[in-house]
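Novice: Next comes model-v7.csv, CSV, C-alpha atoms:
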```csv
chain,number,residue,atom,x,y,z
A,968,MET,CA,-6.5,2.6,25.4
A,969,ASN,CA,-2.8,2.5,24.3
A,970,ARG,CA,-2.0,2.6,20.6
A,971,CYS,CA,1.3,2.5,18.7
A,972,PHE,CA,3.4,5.6,19.3
A,973,TRP,CA,3.0,6.8,15.7
A,974,CYS,CA,-0.8,7.0,15.7
A,975,ASN,CA,-1.9,10.6,15.9
A,976,GLU,CA,-4.8,10.3,18.2
A,977,LYS,CA,-6.0,13.8,17.3
A,978,ASN,CA,-6.7,12.5,13.8
A,979,PRO,CA,-9.8,10.3,13.7
A,980,ILE,CA,-8.9,9.0,10.2
A,981,TYR,CA,-5.6,7.8,11.5
A,982,VAL,CA,-7.0,6.3,14.6
A,983,ASP,CA,-9.6,4.4,12.6
A,984,TYR,CA,-6.9,3.2,10.2
A,985,HIS,CA,-4.7,2.0,13.1
A,986,ASP,CA,-7.5,0.3,14.9
A,987,HIS,CA,-9.3,-1.4,12.1
A,988,GLU,CA,-7.0,-1.8,9.1
A,989,TRP,CA,-3.2,-1.6,9.8
A,990,GLY,CA,-1.6,-4.9,10.5
A,991,LYS,CA,-4.7,-6.9,9.8
A,992,PRO,CA,-4.3,-9.5,7.0
A,993,HIS,CA,-5.7,-8.3,3.7
A,994,HIS,CA,-6.5,-10.9,1.0
A,995,ASP,CA,-8.8,-9.0,-1.4
A,996,ASP,CA,-6.9,-8.1,-4.6
A,997,GLN,CA,-8.7,-4.8,-4.9
A,998,ASP,CA,-7.7,-3.7,-1.3
A,999,LEU,CA,-4.2,-4.9,-1.9
A,1000,PHE,CA,-4.0,-2.8,-5.1
A,1001,GLU,CA,-5.3,0.3,-3.4
A,1002,LEU,CA,-2.8,-0.1,-0.6
A,1003,LEU,CA,0.1,-0.6,-3.0
A,1004,ILE,CA,-0.8,2.5,-5.0
A,1005,LEU,CA,-1.2,4.6,-1.9
A,1006,GLU,CA,2.1,3.4,-0.5
A,1007,THR,CA,3.9,4.3,-3.7
A,1008,PHE,CA,2.5,7.9,-3.4
A,1009,GLN,CA,3.9,7.9,0.2
A,1010,ALA,CA,7.5,7.8,-1.0
A,1011,GLY,CA,9.2,10.8,0.6
A,1012,LEU,CA,6.0,11.8,2.5
A,1013,SER,CA,4.2,10.8,5.7
A,1014,TRP,CA,1.6,8.1,5.7
A,1015,GLU,CA,-0.8,10.5,7.5
A,1016,ILE,CA,-0.7,12.9,4.5
A,1017,ILE,CA,-1.7,10.0,2.1
A,1018,LEU,CA,-4.3,8.7,4.5
A,1019,ASN,CA,-5.9,12.1,4.8
A,1020,LYS,CA,-6.2,12.2,1.0
A,1021,ARG,CA,-7.4,8.7,0.6
A,1022,GLU,CA,-10.9,9.5,-0.4
A,1023,ASN,CA,-9.6,12.0,-2.9
A,1024,PHE,CA,-7.3,9.4,-4.4
A,1025,ARG,CA,-10.2,7.0,-4.7
A,1026,LYS,CA,-12.2,9.5,-6.7
A,1027,ALA,CA,-9.3,10.7,-8.8
A,1028,PHE,CA,-8.2,7.1,-9.6
A,1029,ASP,CA,-11.6,5.7,-10.4
A,1030,GLN,CA,-12.0,3.8,-7.1
A,1031,PHE,CA,-8.6,2.1,-7.9
A,1032,ASP,CA,-10.2,0.1,-10.7
A,1033,ILE,CA,-7.2,-1.6,-12.2
A,1034,ASN,CA,-8.7,-2.1,-15.7
A,1035,THR,CA,-9.4,1.7,-16.0
A,1036,ILE,CA,-6.0,2.7,-14.6
A,1037,MET,CA,-4.2,0.4,-16.9
A,1038,ASN,CA,-5.7,2.3,-19.8
A,1039,TYR,CA,-5.0,5.8,-18.6
A,1040,ASP,CA,-3.7,8.1,-21.3
A,1041,GLN,CA,-1.9,11.4,-21.4
A,1042,ALA,CA,-5.2,13.3,-20.8
A,1043,ASP,CA,-5.7,11.2,-17.6
A,1044,ILE,CA,-2.2,12.0,-16.5
A,1045,GLU,CA,-2.8,15.8,-17.0
A,1046,ARG,CA,-6.2,15.6,-15.2
A,1047,LEU,CA,-4.5,14.0,-12.2
A,1048,ARG,CA,-1.7,16.5,-12.3
A,1049,LEU,CA,-4.3,19.3,-11.9
A,1050,ASP,CA,-6.2,17.6,-9.0
A,1051,PRO,CA,-5.4,19.4,-5.8
A,1052,GLY,CA,-6.9,16.6,-3.7
A,1053,ILE,CA,-4.0,14.2,-4.4
A,1054,ILE,CA,-0.2,14.2,-4.7
A,1055,ARG,CA,0.3,15.5,-8.2
A,1056,ASN,CA,3.8,14.1,-8.8
A,1057,ARG,CA,3.9,13.2,-12.5
A,1058,LEU,CA,6.4,10.3,-12.0
A,1059,LYS,CA,4.2,8.8,-9.3
A,1060,ILE,CA,1.1,9.1,-11.5
A,1061,GLN,CA,2.9,7.5,-14.4
A,1062,ALA,CA,4.2,4.8,-12.1
A,1063,THR,CA,0.6,4.0,-11.0
A,1064,ILE,CA,-0.3,3.2,-14.6
A,1065,THR,CA,2.9,1.0,-15.0
A,1066,ASN,CA,2.3,-0.6,-11.7
A,1067,ALA,CA,-1.3,-1.5,-12.6
A,1068,LYS,CA,-0.1,-3.3,-15.6
A,1069,VAL,CA,2.6,-5.2,-13.7
A,1070,TYR,CA,0.1,-6.0,-10.9
A,1071,ARG,CA,-2.3,-7.4,-13.6
A,1072,SER,CA,0.5,-9.6,-15.0
A,1073,ILE,CA,1.3,-10.9,-11.5
A,1074,GLN,CA,-2.4,-11.7,-11.0
A,1075,GLN,CA,-2.5,-13.6,-14.3
A,1076,GLU,CA,0.7,-15.5,-13.4
A,1077,TRP,CA,-0.4,-16.4,-9.8
A,1078,HIS,CA,-4.2,-16.3,-10.3
A,1079,SER,CA,-4.3,-13.5,-7.7
A,1080,PHE,CA,-2.0,-10.9,-6.3
A,1081,ASP,CA,-2.9,-12.2,-2.9
A,1082,ALA,CA,-1.4,-15.6,-3.8
A,1083,TYR,CA,1.8,-14.0,-5.0
A,1084,LEU,CA,2.2,-11.7,-2.0
A,1085,TRP,CA,1.4,-14.2,0.7
A,1086,HIS,CA,3.5,-17.0,-0.9
A,1087,TRP,CA,6.6,-15.2,0.4
A,1088,THR,CA,5.7,-16.1,4.0
A,1089,ASN,CA,3.7,-19.3,3.3
A,1090,GLY,CA,0.5,-17.5,4.3
A,1091,LYS,CA,1.9,-16.6,7.7
A,1092,THR,CA,2.0,-13.2,9.4
A,1093,ILE,CA,5.4,-12.1,10.7
A,1094,TYR,CA,5.5,-10.3,14.0
A,1095,GLU,CA,8.2,-7.7,14.3
A,1096,THR,CA,8.6,-4.1,15.4
A,1097,GLY,CA,11.2,-1.3,15.1
A,1098,LYS,CA,12.2,-2.0,11.5
A,1099,THR,CA,11.7,-0.1,8.2
A,1100,SER,CA,13.0,-2.9,6.0
A,1101,SER,CA,13.9,-6.6,6.1
A,1102,ASP,CA,15.1,-9.4,4.0
A,1103,LEU,CA,11.5,-10.1,3.1
A,1104,SER,CA,10.9,-6.5,1.9
A,1105,ASP,CA,14.3,-6.6,0.1
A,1106,GLN,CA,13.3,-9.8,-1.8
A,1107,ILE,CA,9.8,-8.6,-2.8
A,1108,SER,CA,11.0,-5.2,-3.8
A,1109,LYS,CA,13.7,-6.7,-6.0
A,1110,ASP,CA,11.2,-9.1,-7.6
A,1111,ILE,CA,8.6,-6.5,-8.4
A,1112,LYS,CA,11.2,-4.0,-9.6
A,1113,LYS,CA,12.5,-6.7,-11.9
A,1114,ARG,CA,9.0,-7.1,-13.2
A,1115,GLY,CA,8.8,-3.3,-13.9
A,1116,MET,CA,7.1,-1.7,-10.9
A,1117,LYS,CA,8.3,1.8,-9.9
A,1118,PHE,CA,8.5,3.5,-6.4
A,1119,VAL,CA,8.6,0.1,-4.7
A,1120,GLY,CA,11.9,0.3,-2.8
A,1121,THR,CA,12.4,-1.9,0.2
A,1122,THR,CA,11.2,0.7,2.7
A,1123,ILE,CA,7.9,1.3,0.7
A,1124,ILE,CA,7.4,-2.4,0.4
A,1125,TYR,CA,8.0,-2.9,4.1
A,1126,SER,CA,5.4,-0.3,4.9
A,1127,TYR,CA,3.1,-2.0,2.4
A,1128,LEU,CA,3.6,-5.4,4.1
A,1129,GLN,CA,2.7,-3.8,7.4
A,1130,ALA,CA,-0.4,-2.1,6.0
A,1131,CYS,CA,-1.7,-5.4,4.5
A,1132,GLY,CA,-0.9,-7.5,7.5
A,1133,ILE,CA,1.9,-9.7,6.3
A,1134,ILE,CA,4.0,-8.0,8.9
A,1135,ASN,CA,2.3,-7.1,12.2
A,1136,SER,CA,4.2,-4.3,13.9
A,1137,HIS,CA,1.8,-3.3,16.6
A,1138,GLU,CA,4.0,-2.4,19.6
A,1139,GLU,CA,3.9,-4.4,22.9
A,1140,THR,CA,2.2,-1.5,24.6
A,1141,CYS,CA,-0.6,-1.3,21.9
A,1142,PHE,CA,-4.0,-2.8,22.6
A,1143,LEU,CA,-3.7,-4.6,19.2
A,1144,TYR,CA,-0.4,-6.3,20.0
A,1145,HIS,CA,-0.5,-10.1,19.9
A,1146,LYS,CA,1.6,-12.9,18.7
```
Show this structure as structure tokens.
Specialist:
Amino acid sequence: MNRCFWCNEKNPIYVDYHDHEWGKPHHDDQDLFELLILETFQAGLSWEIILNKRENFRKAFDQFDINTIMNYDQADIERLRLDPGIIRNRLKIQATITNAKVYRSIQQEWHSFDAYLWHWTNGKTIYETGKTSSDLSDQISKDIKKRGMKFVGTTIIYSYLQACGIINSHEETCFLYHK
């Protein structure tokens, strides 16, 4: 079975992610929040590193419960900075708290983050490969930065859009490719 070139077939976590999650439309706000936070931690790193630590991130960040994360204090930041199971970058940890608050404000404005995110494409999936950014990721990145989010540049947002299925980038040789 052919998969996208980037999928490390020696890593069962990565294969499972590729086969069952990446590029498939996500509409659950909890899933969308988790993916956004994980993508922000990816900045400067490989997705495989983050994916391998995903369960540790879930434990460390209270299963990505937005209400809990929004209220993290300095003690929580220090607890996370000492957790060897995650990426312990202070700026990314602080950004997670900020981003949770902005995420919540977008949910309140749009009634769900899903509605906000998918409105950019009128609910349609875009099929494209070979890119790391686009006009769409530029626009969304600019908008959420203006709202106060951190670590959400166009490349991170493009990767996020691929992860949550707004952009389907499975290659033509991949068994999941379709238009």
Novice: Kindly indicate which residue among A:Trp973, A:Phe1031, A:Phe1008, A:Phe1024 lies nearest to Ala1062 of chain A, using all atoms listed in the file for the distances.
Specialist: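 The answer is A:Phe1008, which sits nearest to Ala1062 of chain A.
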Novice: Can you work out the spacing between atom CA of Ser1101 of chain A and atom CA of His1137 of chain A in Å, to one decimal?
Specialist: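 Computing it gives 16.4 Å between the two atoms.
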Novice: Interatomic distance between atom CA of His987 of chain A and atom CA of Cys1131 of chain A?
Specialist: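 Result for atom CA of His987 of chain A versus atom CA of Cys1131 of chain A: 11.5 Å, one decimal.
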Novice: Using atom CA of Asp1081 of chain A and atom CA of Ser1100 of chain A as the two end points, give the distance in Å to one decimal.
Specialist: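 So the two atoms, atom CA of Asp1081 of chain A and atom CA of Ser1100 of chain A, lie 20.5 Å apart.
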Novice: Using all atoms listed in the file, find the one residue out of A:Tyr1070, A:Tyr981, A:Phe1000, A:Phe1142 that sits nearest to Gly1115 of chain A.
Specialist: A:Tyr1070
Novice: Which is closer to Thr1063 of chain A than all the others in A:Phe1028, A:Trp1077, A:Trp989, A:Trp1087, using all atoms listed in the file?
Specialist: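 Smallest distance to Thr1063 of chain A is found for A:Phe1028.
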Novice: With only C-alpha atoms as the basis for distance, which of A:Met968, A:Ile1044, A:Ala1027, A:Cys974 is at the shortest distance from Arg1057 of chain A?
Specialist: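 Among the listed residues, A:Ile1044 lies closest to Arg1057 of chain A.
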Novice: Please return, as a PyMOL selection string, all polymer residues that have at least one atom within 9 Å of the point (4.6, 11.9, -4.9); use all atoms listed in the file and the file's own coordinate frame.
Specialist: chain A and resi 1007-1012+1053-1060
Novice: Return the single residue from A:Thr1065, A:Asp1043, A:Gly990, A:Leu1018 that is closest to Asn978 of chain A, with distances computed using all atoms listed in the file.
Specialist: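 Counting all atoms listed in the file, the residue closest to Asn978 of chain A is A:Leu1018.
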Novice: Kindly indicate which residue among A:Glu1001, A:Thr1121, A:Arg1071, A:His985 lies nearest to Tyr1083 of chain A, using only C-alpha atoms for the distances.
Specialist: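 Counting only C-alpha atoms, the residue closest to Tyr1083 of chain A is A:Arg1071.
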Novice: Within 12 Å of (-4.8, 12.3, 13.0) (file coordinates; all atoms listed in the file), which protein or nucleic acid residues are there? I'd like them as JSON, numbers by chain.
Specialist: {"A": [973, 974, 975, 976, 977, 978, 979, 980, 981, 982, 983, 984, 985, 1013, 1014, 1015, 1016, 1017, 1018, 1019]}
Novice: Kindly export the residues of the current selection with C-alpha atoms, as a short mmCIF file (atom, residue, chain, number, x, y, z; two decimals), in the coordinates of the input.
Specialist:
```cif
data_model
loop_
_atom_site.label_atom_id
_atom_site.label_comp_id
_atom_site.auth_asym_id
_atom_site.auth_seq_id
_atom_site.Cartn_x
_atom_site.Cartn_y
_atom_site.Cartn_z
CA TRP A 973 3.00 6.80 15.70
CA CYS A 974 -0.80 7.00 15.70
CA ASN A 975 -1.90 10.60 15.90
CA GLU A 976 -4.80 10.30 18.20
CA LYS A 977 -6.00 13.80 17.30
CA ASN A 978 -6.70 12.50 13.80
CA PRO A 979 -9.80 10.30 13.70
CA ILE A 980 -8.90 9.00 10.20
CA TYR A 981 -5.60 7.80 11.50
CA VAL A 982 -7.00 6.30 14.60
CA ASP A 983 -9.60 4.40 12.60
CA TYR A 984 -6.90 3.20 10.20
CA HIS A 985 -4.70 2.00 13.10
CA SER A 1013 4.20 10.80 5.70
CA TRP A 1014 1.60 8.10 5.70
CA GLU A 1015 -0.80 10.50 7.50
CA ILE A 1016 -0.70 12.90 4.50
CA ILE A 1017 -1.70 10.00 2.10
CA LEU A 1018 -4.30 8.70 4.50
CA ASN A 1019 -5.90 12.10 4.80
#
```
Novice: Counting only C-alpha atoms, what is within 10 Å of Tyr1125 of chain A, bar same-chain residues fewer than 4 positions away, as JSON, numbers by chain?
Specialist: {"A": [1006, 1098, 1099, 1100, 1101, 1102, 1103, 1104, 1105, 1107, 1108, 1119, 1120, 1121, 1129, 1130, 1133, 1134]}
Novice: How about saving the chosen residues, C-alpha atoms kept, as an mmCIF file, keeping the file's coordinate frame?
Specialist:
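Result file again.cif:
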```
data_model
loop_
_atom_site.group_PDB
_atom_site.id
_atom_site.type_symbol
_atom_site.label_atom_id
_atom_site.label_comp_id
_atom_site.auth_asym_id
_atom_site.auth_seq_id
_atom_site.Cartn_x
_atom_site.Cartn_y
_atom_site.Cartn_z
ATOM 1 C CA GLU A 1006 2.100 3.400 -0.500
ATOM 2 C CA LYS A 1098 12.200 -2.000 11.500
ATOM 3 C CA THR A 1099 11.700 -0.100 8.200
ATOM 4 C CA SER A 1100 13.000 -2.900 6.000
ATOM 5 C CA SER A 1101 13.900 -6.600 6.100
ATOM 6 C CA ASP A 1102 15.100 -9.400 4.000
ATOM 7 C CA LEU A 1103 11.500 -10.100 3.100
ATOM 8 C CA SER A 1104 10.900 -6.500 1.900
ATOM 9 C CA ASP A 1105 14.300 -6.600 0.100
ATOM 10 C CA ILE A 1107 9.800 -8.600 -2.800
ATOM 11 C CA SER A 1108 11.000 -5.200 -3.800
ATOM 12 C CA VAL A 1119 8.600 0.100 -4.700
ATOM 13 C CA GLY A 1120 11.900 0.300 -2.800
ATOM 14 C CA THR A 1121 12.400 -1.900 0.200
ATOM 15 C CA GLN A 1129 2.700 -3.800 7.400
ATOM 16 C CA ALA A 1130 -0.400 -2.100 6.000
ATOM 17 C CA ILE A 1133 1.900 -9.700 6.300
ATOM 18 C CA ILE A 1134 4.000 -8.000 8.900
#
```
Novice: Got a sec: who's within 6 Å of segment 1037-1039 of chain A, counting all atoms listed in the file, leaving out chain neighbours fewer than 4 positions off, as a CSV table (one decimal) with C-alpha atoms, in the frame of the given file?
Specialist:
```
chain,number,residue,atom,x,y,z
A,1033,ILE,CA,-7.2,-1.6,-12.2
A,1043,ASP,CA,-5.7,11.2,-17.6
A,1064,ILE,CA,-0.3,3.2,-14.6
A,1067,ALA,CA,-1.3,-1.5,-12.6
A,1068,LYS,CA,-0.1,-3.3,-15.6
```
Novice: With C-alpha atoms retained, output segment 1059-1142 of chain A as a CSV table (one decimal), in the first residue's frame.
Specialist:
```csv
chain,number,residue,atom,x,y,z
A,1059,LYS,CA,5.1,27.9,23.5
A,1060,ILE,CA,3.6,27.0,26.9
A,1061,GLN,CA,2.6,30.6,27.5
A,1062,ALA,CA,1.3,30.8,23.9
A,1063,THR,CA,-0.9,27.8,24.6
A,1064,ILE,CA,-2.6,29.7,27.5
A,1065,THR,CA,-3.0,32.8,25.3
A,1066,ASN,CA,-4.2,30.8,22.3
A,1067,ALA,CA,-6.8,29.0,24.5
A,1068,LYS,CA,-8.3,32.3,25.4
A,1069,VAL,CA,-8.3,33.6,21.8
A,1070,TYR,CA,-9.8,30.2,20.7
A,1071,ARG,CA,-12.6,30.6,23.3
A,1072,SER,CA,-13.3,34.2,22.1
A,1073,ILE,CA,-13.6,32.9,18.5
A,1074,GLN,CA,-15.9,30.1,19.6
A,1075,GLN,CA,-18.1,32.7,21.3
A,1076,GLU,CA,-18.1,35.0,18.3
A,1077,TRP,CA,-18.8,32.2,15.7
A,1078,HIS,CA,-20.7,29.8,18.0
A,1079,SER,CA,-17.9,27.2,17.4
A,1080,PHE,CA,-14.3,27.3,16.2
A,1081,ASP,CA,-15.4,24.8,13.5
A,1082,ALA,CA,-17.7,27.4,12.0
A,1083,TYR,CA,-15.0,30.0,12.0
A,1084,LEU,CA,-12.4,27.7,10.5
A,1085,TRP,CA,-14.5,26.2,7.8
A,1086,HIS,CA,-16.1,29.5,6.7
A,1087,TRP,CA,-12.8,30.4,5.0
A,1088,THR,CA,-13.6,27.7,2.3
A,1089,ASN,CA,-17.4,27.7,2.6
A,1090,GLY,CA,-17.2,24.2,4.1
A,1091,LYS,CA,-15.3,22.8,1.2
A,1092,THR,CA,-12.0,20.8,1.3
A,1093,ILE,CA,-9.2,22.1,-0.9
A,1094,TYR,CA,-7.1,19.5,-2.7
A,1095,GLU,CA,-3.5,20.5,-3.3
A,1096,THR,CA,0.0,19.1,-2.8
A,1097,GLY,CA,3.6,20.4,-2.7
A,1098,LYS,CA,2.9,23.5,-0.7
A,1099,THR,CA,3.8,24.8,2.8
A,1100,SER,CA,1.7,27.9,2.7
A,1101,SER,CA,-1.0,29.5,0.6
A,1102,ASP,CA,-3.2,32.5,0.3
A,1103,LEU,CA,-5.7,30.7,2.6
A,1104,SER,CA,-3.1,30.0,5.3
A,1105,ASP,CA,-1.8,33.6,5.0
A,1106,GLN,CA,-5.3,35.0,5.6
A,1107,ILE,CA,-6.1,32.8,8.5
A,1108,SER,CA,-2.7,33.3,10.1
A,1109,LYS,CA,-3.1,37.1,9.8
A,1110,ASP,CA,-6.6,37.0,11.3
A,1111,ILE,CA,-5.8,34.9,14.3
A,1112,LYS,CA,-2.5,36.8,14.9
A,1113,LYS,CA,-4.5,40.0,14.9
A,1114,ARG,CA,-6.8,38.4,17.5
A,1115,GLY,CA,-3.7,37.6,19.7
A,1116,MET,CA,-2.7,34.1,18.9
A,1117,LYS,CA,1.0,33.2,19.0
A,1118,PHE,CA,3.1,30.6,17.0
A,1119,VAL,CA,0.6,30.6,14.2
A,1120,GLY,CA,2.5,31.8,11.2
A,1121,THR,CA,1.4,30.8,7.7
A,1122,THR,CA,3.4,27.6,7.6
A,1123,ILE,CA,2.1,26.3,10.9
A,1124,ILE,CA,-1.5,27.2,9.9
A,1125,TYR,CA,-1.0,25.5,6.5
A,1126,SER,CA,0.1,22.4,8.4
A,1127,TYR,CA,-2.9,22.7,10.7
A,1128,LEU,CA,-5.3,23.0,7.8
A,1129,GLN,CA,-3.8,19.8,6.3
A,1130,ALA,CA,-4.1,18.1,9.7
A,1131,CYS,CA,-7.8,19.0,10.1
A,1132,GLY,CA,-8.8,18.2,6.6
A,1133,ILE,CA,-9.5,21.7,5.2
A,1134,ILE,CA,-6.6,21.0,2.9
A,1135,ASN,CA,-6.2,17.5,1.6
A,1136,SER,CA,-2.6,17.0,0.5
A,1137,HIS,CA,-2.4,13.2,0.0
A,1138,GLU,CA,-0.2,12.6,-3.0
A,1139,GLU,CA,-1.4,11.0,-6.2
A,1140,THR,CA,0.5,7.9,-5.4
A,1141,CYS,CA,-1.0,7.6,-1.9
A,1142,PHE,CA,-3.9,5.1,-1.4
```
